[in-house]
Each structure stands twice: as C-alpha cells, then as structure tokens.
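Just below is one structure, and these are the notes that go with it.
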Amino acid sequence: MTNAPDILRIAVAQLNPTVGDVAGNLAKAREARADAARQGADLVLYTELFLAGYPPEDLVLKPSFLKACEKAAQDFAKDTADGGPGVIIGTPLKRKSGTHNSIVFADGGKIIAERYKLDLPNYGEFDEKRVFQAGPELQGPVNFRGVRIGIPICEDIWGDIAVCETLAESGAEILLVPNGSPYYRAKIDVRHQIVIRQVIETGLPIIYANQLGGQDELIFDGASFAIGADKTLAFQMSQFEDAVDVTTWKRSRAAAGAQSGNNSDHWVCSEGPMSKIPEREEADYRACMLGLRDYVNKNGFKNVVLGLSGGIDSAICAALAVDALGEERLRTVMMPYRYTSKDSLKDAEDCARALGCRYDIVPISEPVEGFKHALTQLFEGTQEGITEENLQSRARGTILMAISNKFGSMVVTTGNKSEMSVGYATLYGDMNGGFNPIKDLYKMQVYALSRWRNSHVPPGALGPSGEVIPKNIIDKAPSAELRENQTDQDSLPPYPVLDDILECLVENEMSVDDIVARGHDRATVTRVEHLLYIAEYKRRQAAPGVKITRKNFGRDRRYPITNRFRDRG
C-alpha cells in the first residue's frame with residue numbers, strides 16, 4: 001500500500017459519560033482528544049453511543065435528542081481540522097434506513113465515514129431492538145491515513161453474523177470496537193474469550209474500548225484491552241478508573257497472523273498499559289462503590305442518609321457511602337425500639353465512629369405506640385404479630401424519608417439479594433430509599449465484602465483504612481430485632497443454604513429436582529421457590545441497585561407478579 005504508515009498511535013478514551021448530557025459528554029470527548037494529542041496520538045477511539053450516554057433507552061425516540069447528538073458529532077468533527085488526532089465516536093443517527101446505533105469517523109475537519117451497528121442485543125439488560133434499527137448492510141473498513149480500519153460495534157463481535165470475518169475479507173488491517181459492556185462478576189474473562197475467538201477467525205488484532213461509570217443499575221467497568229494477532233493480550237487498561245491511554249502499533253511486514261490471506265502484513269502493539277485487574281471481592285466492592293457514587297452525583301444529590309441498625313447490611317452500605325462520597329456526605333441514623341439490643345446500639349455507634357460520619361439517634365417508641373393506639377379499635381380482638389412488627393420498620397422508613405425531604409438527602413436502602421429474593425423486607429419500611437448499593441449481593445457475599453473491606457482500602461475510596469465494620473457486627477447472628485430474641489434464621493434457612501438455592505433458582509434457572517440433587521432438602525427448596533415468586537410484587541417497588549451478578553432483579557430477571565407456576569418436579 002502506497003503511503004501507508006508503519007506506526008499508528010491509537011488512544012483509547014475510557015470515560016464516564018452521562019446519559020442525556022450531550023454537551024457535557026462532548027466536553028469530555030474534547031478534553032480527552034486534547035490529552036491524546038499531547039501524548040502524540042493519531043486516532044482516538046471512544047465508546048459506544050458516547051455522545052448520548054449508554055444506554056439511552058427511550059430517549060432515542062425523542063427527535064430533539066437525536067438532533068442534539070448529531071449536531072455534537074458534527075461539531076466534534078470540525079475540531080479535527082486542527083491537524084490533531086482523528087476520532088471514532090459513538091452516537092445515535094437517524095437516517096432513511098432507520099435510527100441506528102452508530103459511530104462517526106472524523107478526520108481533517110469532516111466526517112469521513114459512518115458505521116451502523118448490525119447485531120442489536122435484546123436480552124438481559126439490553127433492549128436495543130425497541131429503539132434502534134439494525135444497519136441496512138455491512139459496510140467495509142475505513143481508510144484512515146493509509147490504514148484500513150474495521151469498526152464493528154459491541155454486539156457485532158459477540159454474535160454469529162460474521163461481521164469481523166467479513167471486515168477482514170474486505171481488507172481490514174485492524175479492528176477497533178467501541179463497547180458499552182456492563183459489569184458482572186468475571187465479565188472480563190468473558191470479553192477476552194469473545195475477542196480471542198474473533199482474532200482466531202480473522203487473524204487481525206482487535207482493540208476493545210469499554211465505557212466506564214454507573215448508569216442506574218448498570219455499572220460499566222472499563223477494563224479496555226486489545227488482543228494481538230498472535231492471540232495474546234496486547235494491552236490491558238485499568239478497571240473502574242477513567243483513563244486516556246495511547247497505545248503504539250507497528251506494522252510488521254511478516255505475514256504471520258494474517259490467516260485470511262488478504263493481508264500481507266499485520267499490526268503489533270509495541271507500547272500500551274498492562275494494568276492489574278482486581279480480584280473478585282475487590283471488583284464487586286468497587287462496582288458497588290462506583291454505582292452509588294455515580295447515581296448520587298449524576299442525579300444531583302448533595303448527600304445521603306441511611307438507617308444504621310448495628311447489622312451487617314447497613315454497616316457495609318455506610319462504608320460504601322463514605323468510600324464513594326466522603327464522610328461529610330453521609331448521615332447515619334440509629335432508630336432504636338424496645339427490642340434493639342445494647343450490642344446493636346454499641347455496634348452502630350462504633351461503625352459510625354470508625355467511618356467518621358455523622359451519627360444521630362432517633363427513638364421510635366412514640367411513633368410506633370402512636371400507630372398502635374390509633375389502630376386499637378380497628379385491631380380489637382386480633383393477636384399481635386407481624387403487622388405490629390412491621391410498624392417499627394415503617395416508622396423508621398417514615399423518619400428517613402422525612403430527613404430526606406427536609407435536607408435533600410437521598411435515602412440509601414440496605415436490603416441484600418437474599419432478603420429481596422424471598423421478601424424478607426418491609427414495603428414502605430426498610431425498603432424505602434432511592435438507591436441500594438448491595439441489592440444484587442447475596443448475604444454471604446455481603447459478609448465476604450465486609451471482611452475484605454476491613455483489610456483493604458480500594459483505589460479511589462474516600463474512607464479510612466483499618467476496621468470500618470466492627471468485628472462484632474460480622475460475627476453476631478443477623479436479626480431484624482422486631483421482637484424479643486429474634487434472628488433471621490427463625491424465618492429463613494441458614495444463609496449458606498438459602499444463598500445456594502437462590503443462586504440455582506435465579507442465576508441458573510435450575511429445576512427443583514436438580515437443586516435437590518445438589519444435596520438440599522426438597523421441602524426447603526420448594527418453600528424458597530414459593531417465597532421467591534410471591535415476593536415479585538415487592539421487588540417491583542424496590543429502589544434500583546447495582547448489578548453485580550449475571551442476573552439481577554429488574555433488568556435481567558423479569559417475572560410476572562401474578563404467577564401460579566410452581567416446579568412440582
């Protein structure tokens with residue numbers, strides 16, 4: 001190829017856009033391009049639908065939103081007239097063929113190409129077929145300064161419609177993939193395997209740029225990377241951190257790796273980051289921290305409030321809030337009643353003191369007794385029980401919402417996935433709140449993350465080092481403390497048993513027979529399955545929360561509320 005360069009410096013802009021903030025996202029893109037230019041980049045690769053923010057959901061149906069995104073793309077293209085790096089940036093585009101999940105490729109002050117996503121995901125957390133149309137046809141590689149670049153968009157490399165293979169056959173020398181791939185546990189390994197499969201099919205190196213940041217329930221963890229034509233990791237960017245990293249690619253005149261037969265040479269990464277990826281507990285904790293931080297900040301809350309009960313769930317939520325936002329932005333409130341133990345009072349105070357956050361005590365005896373008195377005539381002749389117990393929880397929920405209304409603080413709700421699964425939570429009580437950072441963590445995972453946090457301070461955390469969750473909170477039997485000597489295990493199977501059954505039912509959709517074959521008691525399994533189904537109406541009214549597992553409630557698992565099916569084996 002004449003005038004083809006032998007070195008190409010590609011910057012990957014792993015940034016945190018905000019859905020709908022087109023002007024703000026454009027400003028971030030410009031800042032990143034300037035940074036990349038200072039580092040000597042020839043080209044900047046941004047992530048999927050960057051100018052819109054991802055996923056934009058039904059905003060895409062709004063014509064004024066589409067116009068704002070396209071104008072931002074056109075304005076950004078004009079910036080490239082300065083002779084600096086070219087750009088590949090994601091945006092929705094409305095064309096005669098429909099509204100497309102697209103990229104614009106700009107260089108020399110103008111848009112030199114548009115490409116449209118072909119394979120629209122419509123599973124789990126994705127719902128793109130609702131708002132986008134697939135590209136009408138596969139378009140070939142783009143000639144950028146003498147290098148033929150193929151640009152499949154996210155799902156185009158995950159599916160089986162041979163987008164990458166066709167691009168290679170059309171003469172692409174390197175594939176650059178903008179992505180909006182949400183986090184779940186061990187997702188990085190899945191992405192690597194997907195890309196390796198495409199490298200094997202095409203013989204081409206692939207750069208995978210992934211979005212960063214929290215968007216409602218979804219967490220985009222970054223961790224952008226490349227796989228070389230030799231199927232090895234060429235570079236690995238950091239996870240849960242924004243970055244603009246410039247990678248250097250050199251043309252090799254040897255034919256190794258060009259399996260398609262269409263390329264006489266190939267590109268090799270000679271310089272790029274090789275960041276260490278966090279282990280399991282650290283990754284989950286940082287995902288929860290990032291999700292809470294972005295939800296609070298992107299929605300304009302100045303601070304947060306939560307009920308600190310002396311239990312493990314509220315303690316880890318308090319730690320996450322301080323780590324995400326800083327101690328000055330968290331207010332904790334202990335709301336004792338006659339069943340609140342001295343241990344809980346001490347543990348809650350010790351936790352708040354260790355975290356350095358504000359700690360208030362608001363007794364709930366008067367409101368609870370007031371409710372009981374108001375209902376005396378109506379409840380005459382009935383036995384006290386769960387209704388009266390739930391008055392305690394609802395009094396606490398009302399107090400937290402009053403603080404929220406008065407001071408503009410968002411209420412952090414603290415129920416874990418085990419409780420949300422089986423309905424071990426009170427509507428309009430402890431379920432009150434704006435966001436739940438541990439909603440997708442089972443109880444035993446909450447314990448594991450609490451122990452991890454007591455020994456580690458995650459990067460970017462604003463909280464202190466050392467033991468922030470008192471050991472007694474971790475060691476004691478969990479209890480809602482709504483009656484004398486109550487423990488969770490009075491009503492539920494032991495959490496290790498419950499969590500395993502729930503993971504089988506929720507994440508793996510296993511049959512009752514298969515779960516029993518794992519060694520579980522059949523009566524326990526069928527009871528848990530029943531509780532899971534009948535709690536659906538509660539979950540529909542729960543606050544959003546960070547997605548950590550492969551199948552969270554809401555976006556991934558969408559079961560009907562009215563549902564008589566039970567697995568009889």
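By convention in this document, the chains of the structure tokens carry letters A, B, ... by their order, each chain's residues are numbered from 1, and ligands are numbered from 1 in the order they are shown.
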Could you pull out the residues in stretch 126-199 of chain A that DSSP calls alpha helix (DSSP H) from the backbone, as a PDB file with C-alpha atoms, in the first residue's frame?
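And here's out_16.pdb as it stands now:
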```pdb
ATOM      1  CA  VAL A 163     -19.164  -9.121  11.000  1.00  0.00           C
ATOM      2  CA  CYS A 164     -15.473  -9.331  11.897  1.00  0.00           C
ATOM      3  CA  GLU A 165     -14.744 -12.068   9.383  1.00  0.00           C
ATOM      4  CA  THR A 166     -16.410 -10.075   6.601  1.00  0.00           C
ATOM      5  CA  LEU A 167     -14.435  -6.966   7.529  1.00  0.00           C
ATOM      6  CA  ALA A 168     -11.211  -8.974   7.346  1.00  0.00           C
ATOM      7  CA  GLU A 169     -12.192 -10.328   3.940  1.00  0.00           C
ATOM      8  CA  LYS A 187     -17.153 -10.495  32.882  1.00  0.00           C
ATOM      9  CA  ILE A 188     -13.597  -9.552  31.826  1.00  0.00           C
ATOM     10  CA  ASP A 189     -12.771 -13.201  31.182  1.00  0.00           C
ATOM     11  CA  VAL A 190     -15.882 -13.497  29.026  1.00  0.00           C
ATOM     12  CA  ARG A 191     -14.899 -10.432  26.972  1.00  0.00           C
ATOM     13  CA  HIS A 192     -11.373 -11.722  26.458  1.00  0.00           C
ATOM     14  CA  GLN A 193     -12.670 -15.054  25.177  1.00  0.00           C
ATOM     15  CA  ILE A 194     -15.111 -13.356  22.793  1.00  0.00           C
ATOM     16  CA  VAL A 195     -12.328 -11.227  21.322  1.00  0.00           C
ATOM     17  CA  ILE A 196      -9.884 -14.145  21.092  1.00  0.00           C
ATOM     18  CA  ARG A 197     -12.496 -16.067  19.127  1.00  0.00           C
ATOM     19  CA  GLN A 198     -12.750 -13.214  16.624  1.00  0.00           C
ATOM     20  CA  VAL A 199      -8.961 -12.889  16.389  1.00  0.00           C
TER      21      VAL A 199
END
```
task: DSSP on the backbone, then: every residue of stretch 294-464 of chain A marked strand (DSSP E), written as an NGL selection string.
output: :A and (304-307 or 330-334 or 358-361 or 410-411)
Those same residues - C-alpha atoms - I'd like them written as a PDB file, in the first residue's frame.
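Generated file (result.pdb):
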```pdb
ATOM      1  CA  VAL A 304     -27.197  10.653  51.608  1.00  0.00           C
ATOM      2  CA  VAL A 305     -28.805   9.258  54.746  1.00  0.00           C
ATOM      3  CA  LEU A 306     -29.284   5.688  55.920  1.00  0.00           C
ATOM      4  CA  GLY A 307     -30.596   3.831  58.927  1.00  0.00           C
ATOM      5  CA  LEU A 330     -23.260  10.631  54.888  1.00  0.00           C
ATOM      6  CA  ARG A 331     -25.670  10.963  57.805  1.00  0.00           C
ATOM      7  CA  THR A 332     -26.471   7.758  59.699  1.00  0.00           C
ATOM      8  CA  VAL A 333     -29.463   7.398  61.986  1.00  0.00           C
ATOM      9  CA  MET A 334     -29.980   4.766  64.684  1.00  0.00           C
ATOM     10  CA  ARG A 358     -22.486  11.837  61.345  1.00  0.00           C
ATOM     11  CA  TYR A 359     -24.477   9.627  63.727  1.00  0.00           C
ATOM     12  CA  ASP A 360     -27.875  10.551  65.161  1.00  0.00           C
ATOM     13  CA  ILE A 361     -30.228   8.636  67.442  1.00  0.00           C
ATOM     14  CA  MET A 410     -31.115  10.630  49.240  1.00  0.00           C
ATOM     15  CA  VAL A 411     -32.054   7.626  51.368  1.00  0.00           C
TER      16      VAL A 411
END
```
message: Residues near stretch 505-518 of chain A, anyone? I mean within 8 Å using only C-alpha atoms, not counting same-chain ones fewer than 5 positions away, as a list of chain:residue names.
response: A:Val525, A:Thr526, A:Glu529, A:Thr549, A:Arg550, A:Lys551, A:Arg557, A:Asp567, A:Arg568, A:Gly569
Two-atom distance - atom CA of A:Gly466, atom CA of A:Leu308 (Å):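 Going from atom CA of A:Gly466 over to atom CA of A:Leu308 covers 19.4 Å.
Of the residues listed (A:Phe371, A:Tyr46, A:Tyr295, A:Tyr116), A:Tyr46 shows the shortest atom-to-atom separation from A:Ser224; distances use only C-alpha atoms.
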- request: Using only C-alpha atoms, find the one residue out of A:Asp75, A:Asp284, A:Glu389, A:Asp127 that sits nearest to A:Ile111.
  value: A:Asp75
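Distance check against A:Ala27 using only C-alpha atoms: of A:Ile7, A:Ala72, A:Ala162, A:Ala113, the minimum falls on A:Ala72.
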statement: Residue with the minimum atom-to-atom distance to A:Val12, picked from A:Pro496, A:Pro205, A:Gly272, A:Gly159 with only C-alpha atoms counted, is A:Gly272
message: Taking only C-alpha atoms into account, name the residue in A:Ala287, A:Leu502, A:Ala77, A:Ile399 that is nearest to A:Glu241.
response: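 Selected residue with least distance to A:Glu241: A:Ala287.
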field: Minimum-distance residue to A:Asp79, chosen among A:Gly370, A:Pro470, A:Pro273, A:Gly109 (using only C-alpha atoms)
entry: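 Of the candidates, the smallest distance to A:Asp79 is held by A:Gly109.
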A:Tyr54 environment, 12 Å, only C-alpha atoms, sequence neighbours closer than 4 positions dropped, as a PyMOL selection string: chain A and resi 15-22+25+47-50+58-60+90-92+101+125-128+154+178-182+210-216+218-220
Those same residues, written as a PDB file, in the first residue's frame with C-alpha atoms?
```pdb
ATOM      1  CA  LEU A  15     -14.512   7.728  30.085  1.00  0.00           C
ATOM      2  CA  ASN A  16     -17.638   8.185  32.185  1.00  0.00           C
ATOM      3  CA  PRO A  17     -20.428   9.818  30.130  1.00  0.00           C
ATOM      4  CA  THR A  18     -23.846  10.752  31.499  1.00  0.00           C
ATOM      5  CA  VAL A  19     -26.960   9.704  29.625  1.00  0.00           C
ATOM      6  CA  GLY A  20     -28.643  12.744  28.102  1.00  0.00           C
ATOM      7  CA  ASP A  21     -25.844  15.196  28.905  1.00  0.00           C
ATOM      8  CA  VAL A  22     -24.871  15.712  25.287  1.00  0.00           C
ATOM      9  CA  ASN A  25     -20.244  14.358  27.017  1.00  0.00           C
ATOM     10  CA  THR A  47     -17.001   4.063  23.437  1.00  0.00           C
ATOM     11  CA  GLU A  48     -20.455   3.081  22.236  1.00  0.00           C
ATOM     12  CA  LEU A  49     -23.022   5.911  21.938  1.00  0.00           C
ATOM     13  CA  PHE A  50     -20.640   8.132  23.891  1.00  0.00           C
ATOM     14  CA  ASP A  58     -36.352   5.667  25.086  1.00  0.00           C
ATOM     15  CA  LEU A  59     -34.526   8.989  24.826  1.00  0.00           C
ATOM     16  CA  VAL A  60     -33.669   7.697  21.351  1.00  0.00           C
ATOM     17  CA  GLY A  90     -20.475   6.728  19.141  1.00  0.00           C
ATOM     18  CA  THR A  91     -23.791   8.499  18.619  1.00  0.00           C
ATOM     19  CA  PRO A  92     -27.342   7.661  17.552  1.00  0.00           C
ATOM     20  CA  ASN A 101     -26.648   2.844  16.986  1.00  0.00           C
ATOM     21  CA  GLU A 125     -30.148  -5.794  30.410  1.00  0.00           C
ATOM     22  CA  PHE A 126     -30.268  -4.899  26.691  1.00  0.00           C
ATOM     23  CA  ASP A 127     -33.377  -3.742  24.849  1.00  0.00           C
ATOM     24  CA  GLU A 128     -31.943  -2.147  21.712  1.00  0.00           C
ATOM     25  CA  CYS A 154     -20.097  -4.016  20.551  1.00  0.00           C
ATOM     26  CA  PRO A 178     -16.491   0.669  20.742  1.00  0.00           C
ATOM     27  CA  ASN A 179     -18.421  -1.011  23.566  1.00  0.00           C
ATOM     28  CA  GLY A 180     -20.939  -0.457  26.322  1.00  0.00           C
ATOM     29  CA  SER A 181     -20.450  -3.744  28.151  1.00  0.00           C
ATOM     30  CA  PRO A 182     -21.837  -3.751  31.726  1.00  0.00           C
ATOM     31  CA  ASN A 210     -15.301  -0.142  27.007  1.00  0.00           C
ATOM     32  CA  GLN A 211     -17.348   2.538  28.763  1.00  0.00           C
ATOM     33  CA  LEU A 212     -16.826   3.456  32.397  1.00  0.00           C
ATOM     34  CA  GLY A 213     -19.335   4.550  35.032  1.00  0.00           C
ATOM     35  CA  GLY A 214     -22.676   3.887  36.667  1.00  0.00           C
ATOM     36  CA  GLN A 215     -25.967   4.284  34.823  1.00  0.00           C
ATOM     37  CA  ASP A 216     -28.882   3.437  37.114  1.00  0.00           C
ATOM     38  CA  LEU A 218     -25.700  -0.879  35.323  1.00  0.00           C
ATOM     39  CA  ILE A 219     -22.009  -0.473  36.051  1.00  0.00           C
ATOM     40  CA  PHE A 220     -19.595  -0.065  33.180  1.00  0.00           C
TER      41      PHE A 220
END
```
- request: Tell me, as number ranges by chain, which residues lie within 9 Å of A:Lys302, counting only C-alpha atoms; anything in the same chain fewer than 6 positions away does not count.
  value: A: 296, 329, 408-410
Take the selection from the previous step and output its residues with N, CA, C and O atoms, as a PDB file, in the first residue's frame.
```
ATOM      1  N   VAL A 296     -25.654   8.973  42.858  1.00  0.00           N
ATOM      2  CA  VAL A 296     -25.840  10.163  43.702  1.00  0.00           C
ATOM      3  C   VAL A 296     -25.406  11.425  42.965  1.00  0.00           C
ATOM      4  O   VAL A 296     -26.147  12.418  42.892  1.00  0.00           O
ATOM      5  N   ARG A 329     -20.601  13.570  53.603  1.00  0.00           N
ATOM      6  CA  ARG A 329     -21.828  13.489  52.801  1.00  0.00           C
ATOM      7  C   ARG A 329     -22.757  12.357  53.257  1.00  0.00           C
ATOM      8  O   ARG A 329     -23.769  12.088  52.617  1.00  0.00           O
ATOM      9  N   GLY A 408     -32.856  17.245  51.766  1.00  0.00           N
ATOM     10  CA  GLY A 408     -32.477  16.914  50.398  1.00  0.00           C
ATOM     11  C   GLY A 408     -31.524  15.744  50.281  1.00  0.00           C
ATOM     12  O   GLY A 408     -30.849  15.580  49.257  1.00  0.00           O
ATOM     13  N   SER A 409     -31.461  14.923  51.316  1.00  0.00           N
ATOM     14  CA  SER A 409     -30.570  13.764  51.305  1.00  0.00           C
ATOM     15  C   SER A 409     -31.267  12.574  50.645  1.00  0.00           C
ATOM     16  O   SER A 409     -32.429  12.299  50.935  1.00  0.00           O
ATOM     17  N   MET A 410     -30.560  11.864  49.785  1.00  0.00           N
ATOM     18  CA  MET A 410     -31.115  10.630  49.240  1.00  0.00           C
ATOM     19  C   MET A 410     -31.004   9.513  50.266  1.00  0.00           C
ATOM     20  O   MET A 410     -29.954   9.330  50.883  1.00  0.00           O
TER      21      MET A 410
END
```
Residues within 9 Å of stretch 34-41 of chain A, only C-alpha atoms, excluding chain neighbours under 5 positions, as a PyMOL selection string: chain A and resi 8-13+29+84-86+244-248
Residues from the last selection, N, CA and C atoms, saved as a tab-separated table (two decimals), in the first residue's frame:
```tsv
chain	number	residue	atom	x	y	z
A	8	LEU	N	1.18	3.50	14.10
A	8	LEU	CA	-0.12	4.14	14.34
A	8	LEU	C	-0.32	4.22	15.86
A	9	ARG	N	-0.54	5.42	16.33
A	9	ARG	CA	-0.75	5.60	17.77
A	9	ARG	C	-2.23	5.82	18.02
A	10	ILE	N	-2.83	4.87	18.70
A	10	ILE	CA	-4.28	4.86	18.93
A	10	ILE	C	-4.54	5.09	20.41
A	11	ALA	N	-5.28	6.15	20.71
A	11	ALA	CA	-5.68	6.42	22.10
A	11	ALA	C	-7.04	5.79	22.35
A	12	VAL	N	-7.18	5.15	23.48
A	12	VAL	CA	-8.48	4.63	23.92
A	12	VAL	C	-9.00	5.53	25.03
A	13	ALA	N	-10.16	6.16	24.77
A	13	ALA	CA	-10.77	7.07	25.74
A	13	ALA	C	-11.80	6.29	26.55
A	29	ALA	N	-15.28	14.51	25.63
A	29	ALA	CA	-14.63	13.99	24.44
A	29	ALA	C	-13.54	14.95	23.96
A	84	GLY	N	-4.84	17.54	14.42
A	84	GLY	CA	-4.60	16.59	15.51
A	84	GLY	C	-5.21	15.24	15.23
A	85	PRO	N	-5.47	14.47	16.28
A	85	PRO	CA	-5.95	13.11	16.07
A	85	PRO	C	-7.33	13.06	15.40
A	86	GLY	N	-7.52	12.04	14.58
A	86	GLY	CA	-8.85	11.70	14.12
A	86	GLY	C	-9.63	11.09	15.26
A	244	VAL	N	-7.23	7.91	29.55
A	244	VAL	CA	-6.98	8.10	28.12
A	244	VAL	C	-5.57	7.57	27.89
A	245	ASP	N	-5.49	6.34	27.40
A	245	ASP	CA	-4.20	5.69	27.22
A	245	ASP	C	-3.87	5.59	25.74
A	246	VAL	N	-2.67	6.02	25.37
A	246	VAL	CA	-2.21	5.93	23.99
A	246	VAL	C	-1.41	4.64	23.81
A	247	THR	N	-1.78	3.87	22.82
A	247	THR	CA	-1.10	2.62	22.51
A	247	THR	C	-0.40	2.76	21.16
A	248	THR	N	0.77	2.19	21.05
A	248	THR	CA	1.56	2.30	19.82
A	248	THR	C	1.52	0.98	19.06
```
message: For stretch 138-147 of chain A, find every residue with an atom within 8 Å (counting only C-alpha atoms), except residues of its own chain fewer than 5 positions away, and show them as a list in words.
response: Met1, Thr2, Asn3, Ala4, Pro5, Ala113, Arg115, Leu118, Val163, Leu167, Ser170, Gly171, Ala172 and Glu173 of chain A
message: One number please: atom CA of A:Gly429 to atom CA of A:Ala543, in Å, one decimal.
response: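 Atom-to-atom, atom CA of A:Gly429 and atom CA of A:Ala543 are spaced 12.1 Å apart.
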